[in-house]
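Below is the file model15.txt, which contains compact mmCIF, C-alpha atoms.
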# COMPACT_ATOMS: atom_id res chain seq x y z
CA ARG A 1 -28.87 -5.63 24.49
CA GLU A 2 -25.72 -3.72 25.30
CA LYS A 3 -23.17 -3.29 22.53
CA TYR A 4 -20.68 -1.08 24.39
CA LEU A 5 -19.35 -1.62 27.92
CA SER A 6 -16.63 0.26 29.77
CA LEU A 7 -15.28 -1.10 33.05
CA SER A 8 -12.21 1.15 33.20
CA GLY A 9 -10.64 1.86 36.54
CA ASN A 10 -12.61 -0.71 38.52
CA HIS A 11 -9.43 -2.54 39.60
CA SER A 12 -11.12 -5.84 38.80
CA SER A 13 -8.11 -8.07 39.28
CA ASN A 14 -9.99 -11.30 39.95
CA LYS A 15 -11.66 -13.69 37.51
CA ARG A 16 -15.07 -13.55 39.14
CA SER A 17 -15.50 -9.87 38.35
CA LEU A 18 -15.48 -10.68 34.61
CA GLU A 19 -17.74 -13.74 34.77
CA GLY A 20 -20.80 -11.53 34.33
CA LEU A 21 -19.67 -10.62 30.82
CA SER A 22 -21.14 -13.90 29.56
CA ALA A 23 -24.58 -12.22 29.84
CA PHE A 24 -23.48 -9.73 27.19
CA GLY A 25 -23.35 -12.05 24.17
CA SER A 26 -24.02 -9.23 21.70
CA LEU A 27 -21.24 -7.03 23.10
CA GLU A 28 -19.22 -5.32 20.35
CA GLU A 29 -16.90 -2.98 22.30
CA LEU A 30 -15.30 -3.69 25.68
CA ILE A 31 -13.01 -1.30 27.56
CA LEU A 32 -11.09 -2.82 30.49
CA ASP A 33 -8.36 -0.20 31.01
CA ASN A 34 -6.70 0.34 34.44
CA ASN A 35 -8.05 -2.81 36.06
CA LEU A 36 -4.98 -4.65 37.40
CA LEU A 37 -5.82 -7.56 35.08
CA GLY A 38 -3.00 -10.10 34.78
CA ASN A 39 -2.14 -13.28 32.92
CA ASP A 40 -5.09 -15.10 34.52
CA LEU A 41 -7.54 -12.99 32.46
CA VAL A 42 -10.41 -15.17 31.26
CA LEU A 43 -13.06 -13.70 29.00
CA PRO A 44 -16.26 -15.56 28.10
CA GLY A 45 -17.05 -16.26 24.47
CA LEU A 46 -17.90 -12.91 22.85
CA PRO A 47 -18.55 -13.74 19.18
CA ARG A 48 -19.48 -10.17 18.12
CA LEU A 49 -16.75 -8.31 20.00
CA HIS A 50 -14.71 -6.25 17.53
CA THR A 51 -13.04 -3.74 19.89
CA LEU A 52 -11.10 -4.63 23.04
CA SER A 53 -9.01 -2.23 25.08
CA LEU A 54 -6.80 -3.67 27.84
CA ASN A 55 -4.53 -0.64 28.36
CA LYS A 56 -2.58 -0.16 31.60
CA ASN A 57 -3.09 -3.57 33.15
CA GLN A 58 -0.56 -6.14 34.40
CA ILE A 59 -0.44 -8.52 31.45
CA THR A 60 3.01 -10.02 30.84
CA ASP A 61 2.36 -13.26 28.89
CA LEU A 62 1.52 -12.07 25.39
CA GLU A 63 1.23 -15.46 23.68
CA CYS A 64 -1.18 -16.85 26.28
CA LEU A 65 -3.40 -13.76 25.97
CA LEU A 66 -3.43 -13.86 22.17
CA ASP A 67 -4.28 -17.57 22.06
CA HIS A 68 -7.17 -16.92 24.46
CA LEU A 69 -8.44 -13.94 22.44
CA ALA A 70 -8.26 -15.91 19.18
CA GLU A 71 -10.50 -18.52 20.78
CA VAL A 72 -13.12 -16.33 22.50
CA THR A 73 -13.22 -13.21 20.27
CA PRO A 74 -13.22 -14.40 16.62
CA ALA A 75 -14.50 -11.04 15.26
CA LEU A 76 -11.82 -8.92 16.99
CA GLU A 77 -10.53 -6.09 14.75
CA TYR A 78 -9.24 -3.50 17.24
CA LEU A 79 -6.96 -4.39 20.14
CA SER A 80 -5.01 -2.08 22.44
CA LEU A 81 -2.50 -3.36 25.01
CA LEU A 82 -0.53 -0.17 25.72
CA GLY A 83 0.81 0.17 29.24
CA ASN A 84 1.27 -3.57 29.79
CA VAL A 85 4.63 -5.32 30.12
CA ALA A 86 3.50 -7.56 27.24
CA CYS A 87 3.48 -4.50 24.97
CA PRO A 88 7.10 -3.35 24.59
CA ASN A 89 7.00 0.40 24.39
CA GLU A 90 9.66 3.08 24.85
CA LEU A 91 7.28 5.15 26.97
CA VAL A 92 6.74 2.34 29.47
CA SER A 93 10.25 0.88 29.61
CA LEU A 94 13.57 2.48 28.75
CA GLU A 95 14.92 -0.96 27.84
CA LYS A 96 12.53 -1.21 24.87
CA ASP A 97 12.94 0.47 21.50
CA GLU A 98 11.09 0.80 18.20
CA GLU A 99 12.44 -2.54 16.94
CA ASP A 100 10.96 -4.36 19.96
CA TYR A 101 7.60 -2.75 19.23
CA LYS A 102 7.75 -3.75 15.54
CA ARG A 103 8.46 -7.38 16.51
CA TYR A 104 5.56 -7.24 18.98
CA ARG A 105 3.18 -5.96 16.29
CA CYS A 106 4.33 -8.66 13.88
CA PHE A 107 3.77 -11.41 16.45
CA VAL A 108 0.32 -10.10 17.42
CA LEU A 109 -0.74 -9.95 13.76
CA HIS A 110 0.50 -13.50 13.27
CA LYS A 111 -1.72 -14.69 16.13
CA LEU A 112 -4.70 -12.42 15.31
CA PRO A 113 -4.61 -11.93 11.50
CA ASN A 114 -8.03 -10.18 11.34
CA LEU A 115 -6.91 -7.12 13.31
CA LYS A 116 -7.29 -3.78 11.54
CA PHE A 117 -5.97 -1.61 14.38
CA LEU A 118 -3.40 -2.45 17.04
CA ASP A 119 -2.64 0.02 19.84
CA ALA A 120 -4.38 2.94 18.09
CA ARG A 121 -2.32 2.43 14.90
CA LYS A 122 -3.81 1.09 11.71
CA VAL A 123 -2.36 -2.22 10.53
CA THR A 124 -0.58 -1.71 7.23
CA ARG A 125 -0.48 -4.12 4.29
CA GLN A 126 3.30 -4.42 4.75
CA GLU A 127 2.89 -5.39 8.44
CA ARG A 128 0.29 -7.99 7.49
CA GLU A 129 2.58 -9.52 4.85
CA GLU A 130 5.53 -9.61 7.23
CA ALA A 131 3.36 -11.27 9.90
CA LEU A 132 2.47 -14.04 7.43
CA VAL A 133 6.13 -14.72 6.65
CA ARG A 134 7.95 -14.00 9.93
CA GLY A 135 5.29 -13.59 12.61
CA ALA A 136 5.82 -16.97 14.24
CA PHE A 137 9.49 -16.15 14.82
CA MET A 138 8.89 -12.75 16.42
CA LYS A 139 7.97 -14.04 19.85
CA VAL A 140 10.16 -12.43 22.49
CA VAL A 141 11.59 -15.10 24.77
CA LYS A 142 13.43 -14.18 27.94
CA PRO A 143 15.89 -16.63 29.48
CA LYS A 144 14.65 -18.20 32.68
CA VAL A 145 16.95 -17.85 35.65
CA SER A 146 16.62 -20.68 38.14
CA SER A 147 16.65 -19.71 41.79
CA ASP A 148 19.49 -22.18 42.68
CA SER A 149 21.94 -20.87 40.06
CA ALA A 150 21.23 -17.27 41.02
CA ALA A 151 21.78 -18.00 44.72
CA SER A 152 24.89 -20.15 44.32
CA SER A 153 26.83 -17.86 41.98
CA PRO A 154 28.59 -15.02 43.76
CA GLU A 155 28.13 -11.52 42.42
CA CYS A 156 30.71 -10.89 39.76
CA HIS A 157 31.34 -7.33 38.64
CA TYR A 158 33.29 -6.94 35.43
CA THR A 159 36.23 -4.58 35.45
CA PRO A 160 38.69 -3.99 32.61
CA LEU A 161 41.52 -3.36 35.06
CA PRO A 162 43.88 -6.14 36.08
CA GLY A 163 43.44 -7.55 39.58
CA ALA A 164 46.58 -5.87 40.98
CA SER A 165 45.36 -2.36 40.15
CA ARG A 166 42.02 -2.69 41.97
CA ASP A 167 43.50 -1.98 45.41
CA LEU A 168 43.37 1.78 45.91
CA THR A 169 46.15 1.84 48.52
CA SER A 170 48.84 0.17 46.40
CA HIS A 171 48.70 2.18 43.21
CA ARG A 172 51.68 3.52 41.29
CA GLY A 173 51.03 6.70 39.40
CA VAL A 174 53.11 8.18 36.62
CA LEU A 175 53.92 11.86 36.44
CA GLY A 176 55.46 13.38 33.36
CA LYS A 177 55.94 16.64 31.54
CA CYS A 178 54.92 17.34 28.04
CA HIS A 179 56.27 20.35 26.19
CA TYR A 180 54.24 21.59 23.24
CA VAL A 181 55.74 24.03 20.73
CA TYR A 182 53.41 26.15 18.63
CA TYR A 183 54.84 27.24 15.29
CA GLY A 184 51.81 29.22 14.06
CA LYS A 185 51.25 27.21 10.91
CA ASN A 186 47.70 27.36 9.60
CA SER A 187 46.75 29.86 12.27
CA GLU A 188 43.87 32.18 11.49
CA GLY A 189 44.48 34.38 14.54
CA ASN A 190 47.75 35.90 13.32
CA ARG A 191 46.65 37.04 9.88
CA PHE A 192 45.48 40.47 11.12
CA ILE A 193 48.72 41.35 12.91
CA ARG A 194 51.33 43.20 10.84
CA ASP A 195 55.04 42.57 11.29
CA ASP A 196 55.62 46.09 12.66
CA GLN A 197 53.10 45.40 15.50
CA LEU A 198 55.09 42.43 16.79
Is it possible to express this structure as structure tokens?
Amino acid sequence: REKYLSLSGNHSSNKRSLEGLSAFGSLEELILDNNLLGNDLVLPGLPRLHTLSLNKNQITDLECLLDHLAEVTPALEYLSLLGNVACPNELVSLEKDEEDYKRYRCFVLHKLPNLKFLDARKVTRQEREEALVRGAFMKVVKPKVSSDSAASSPECHYTPLPGASRDLTSHRGVLGKCHYVYYGKNSEGNRFIRDDQL
């Protein structure tokens, strides 16, 4: 009866490679890092599983994954999703910031309220309370771009300049002189020069 299983780095991107996990009903810890697993991830029912690591895979649909985990891993207390698109992280994507990660944690805790650790960080009482109140509203939704509207609209680049000034050959420049006069008021540089040295 195995309680710990690590399949890291096997590049098991298909469903069949995980079907054998159903034979490990007493499994408590499962490590599936670096396996090219995507949104089609299907785990068998693992009622005793308390630790699951899915770092550095290709998971993008967070809600689908969390619904599946809530169903097949009721005892889950530790979950790590670092390195997936579904886990917004400044180290993975420059477009993400700390606020994106906080919203992600809140949404995950809303879906999986029994978690004690998420991505190697302990779940705080404050995070748990916020997940109860706001967790359902923290889902990150990206607008869907239809292929017809993207193809039919011509590329439009914004420029703050008026249309007439965009042509580089028909520009009109302005040249002027500016004459500055320095009177020495509030100058610190002249305080060491005596009048007889001028």
Within 12 Å of Tyr78 of chain A using all atoms listed in the file, minus same-chain residues under 2 positions, as a ChimeraX atom specification
/A:28-31,49-54,69,73-76,80-81,108-109,112-123
Write a file of the just-selected residues containing C-alpha atoms, as a compact mmCIF listing (two decimals), keeping the file's coordinate frame.
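Written out: again_37.txt:
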# COMPACT_ATOMS: atom_id res chain seq x y z
CA GLU A 28 -19.22 -5.32 20.35
CA GLU A 29 -16.90 -2.98 22.30
CA LEU A 30 -15.30 -3.69 25.68
CA ILE A 31 -13.01 -1.30 27.56
CA LEU A 49 -16.75 -8.31 20.00
CA HIS A 50 -14.71 -6.25 17.53
CA THR A 51 -13.04 -3.74 19.89
CA LEU A 52 -11.10 -4.63 23.04
CA SER A 53 -9.01 -2.23 25.08
CA LEU A 54 -6.80 -3.67 27.84
CA LEU A 69 -8.44 -13.94 22.44
CA THR A 73 -13.22 -13.21 20.27
CA PRO A 74 -13.22 -14.40 16.62
CA ALA A 75 -14.50 -11.04 15.26
CA LEU A 76 -11.82 -8.92 16.99
CA SER A 80 -5.01 -2.08 22.44
CA LEU A 81 -2.50 -3.36 25.01
CA VAL A 108 0.32 -10.10 17.42
CA LEU A 109 -0.74 -9.95 13.76
CA LEU A 112 -4.70 -12.42 15.31
CA PRO A 113 -4.61 -11.93 11.50
CA ASN A 114 -8.03 -10.18 11.34
CA LEU A 115 -6.91 -7.12 13.31
CA LYS A 116 -7.29 -3.78 11.54
CA PHE A 117 -5.97 -1.61 14.38
CA LEU A 118 -3.40 -2.45 17.04
CA ASP A 119 -2.64 0.02 19.84
CA ALA A 120 -4.38 2.94 18.09
CA ARG A 121 -2.32 2.43 14.90
CA LYS A 122 -3.81 1.09 11.71
CA VAL A 123 -2.36 -2.22 10.53
Length of the atom CA of Lys3 of chain A to atom CA of Ser26 of chain A vector [Å]:
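Here the two named atoms are 6.1 Å from each other.
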Quick one: of A:Asp67, A:Glu129, A:Glu98, A:Asp33, who's nearest to Leu82 of chain A, counting only C-alpha atoms?
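Under the stated criterion, the closest residue is A:Asp33.
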One decimal, Å: what's the distance from atom CA of Leu46 of chain A over to atom CA of Ser22 of chain A, could you say?
7.5 Å
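Straight-line separation from atom CA of Gly83 of chain A to atom CA of Asn39 of chain A: 14.3 Å.
Here the question is which of A:His68, A:Arg128, A:Lys96, A:Arg103 gets nearest to Pro44 of chain A using all atoms listed in the file, and that residue is A:His68.
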Have a look at A:Ile59, A:Pro47, A:Phe107, A:Asp100 and name the one nearest to Glu77 of chain A; count only C-alpha atoms.
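Among the listed residues, A:Pro47 lies closest to Glu77 of chain A.
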Nearest-residue call for Cys106 of chain A, choices A:Thr124, A:Val85, A:Gly135, A:Leu5, using only C-alpha atoms:
A:Gly135
Counting only C-alpha atoms, which of A:Leu36, A:Leu43, A:Ala70, A:Ala136 gets nearest to His110 of chain A?
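Nearest candidate to His110 of chain A out of A:Leu36, A:Leu43, A:Ala70, A:Ala136: A:Ala136.
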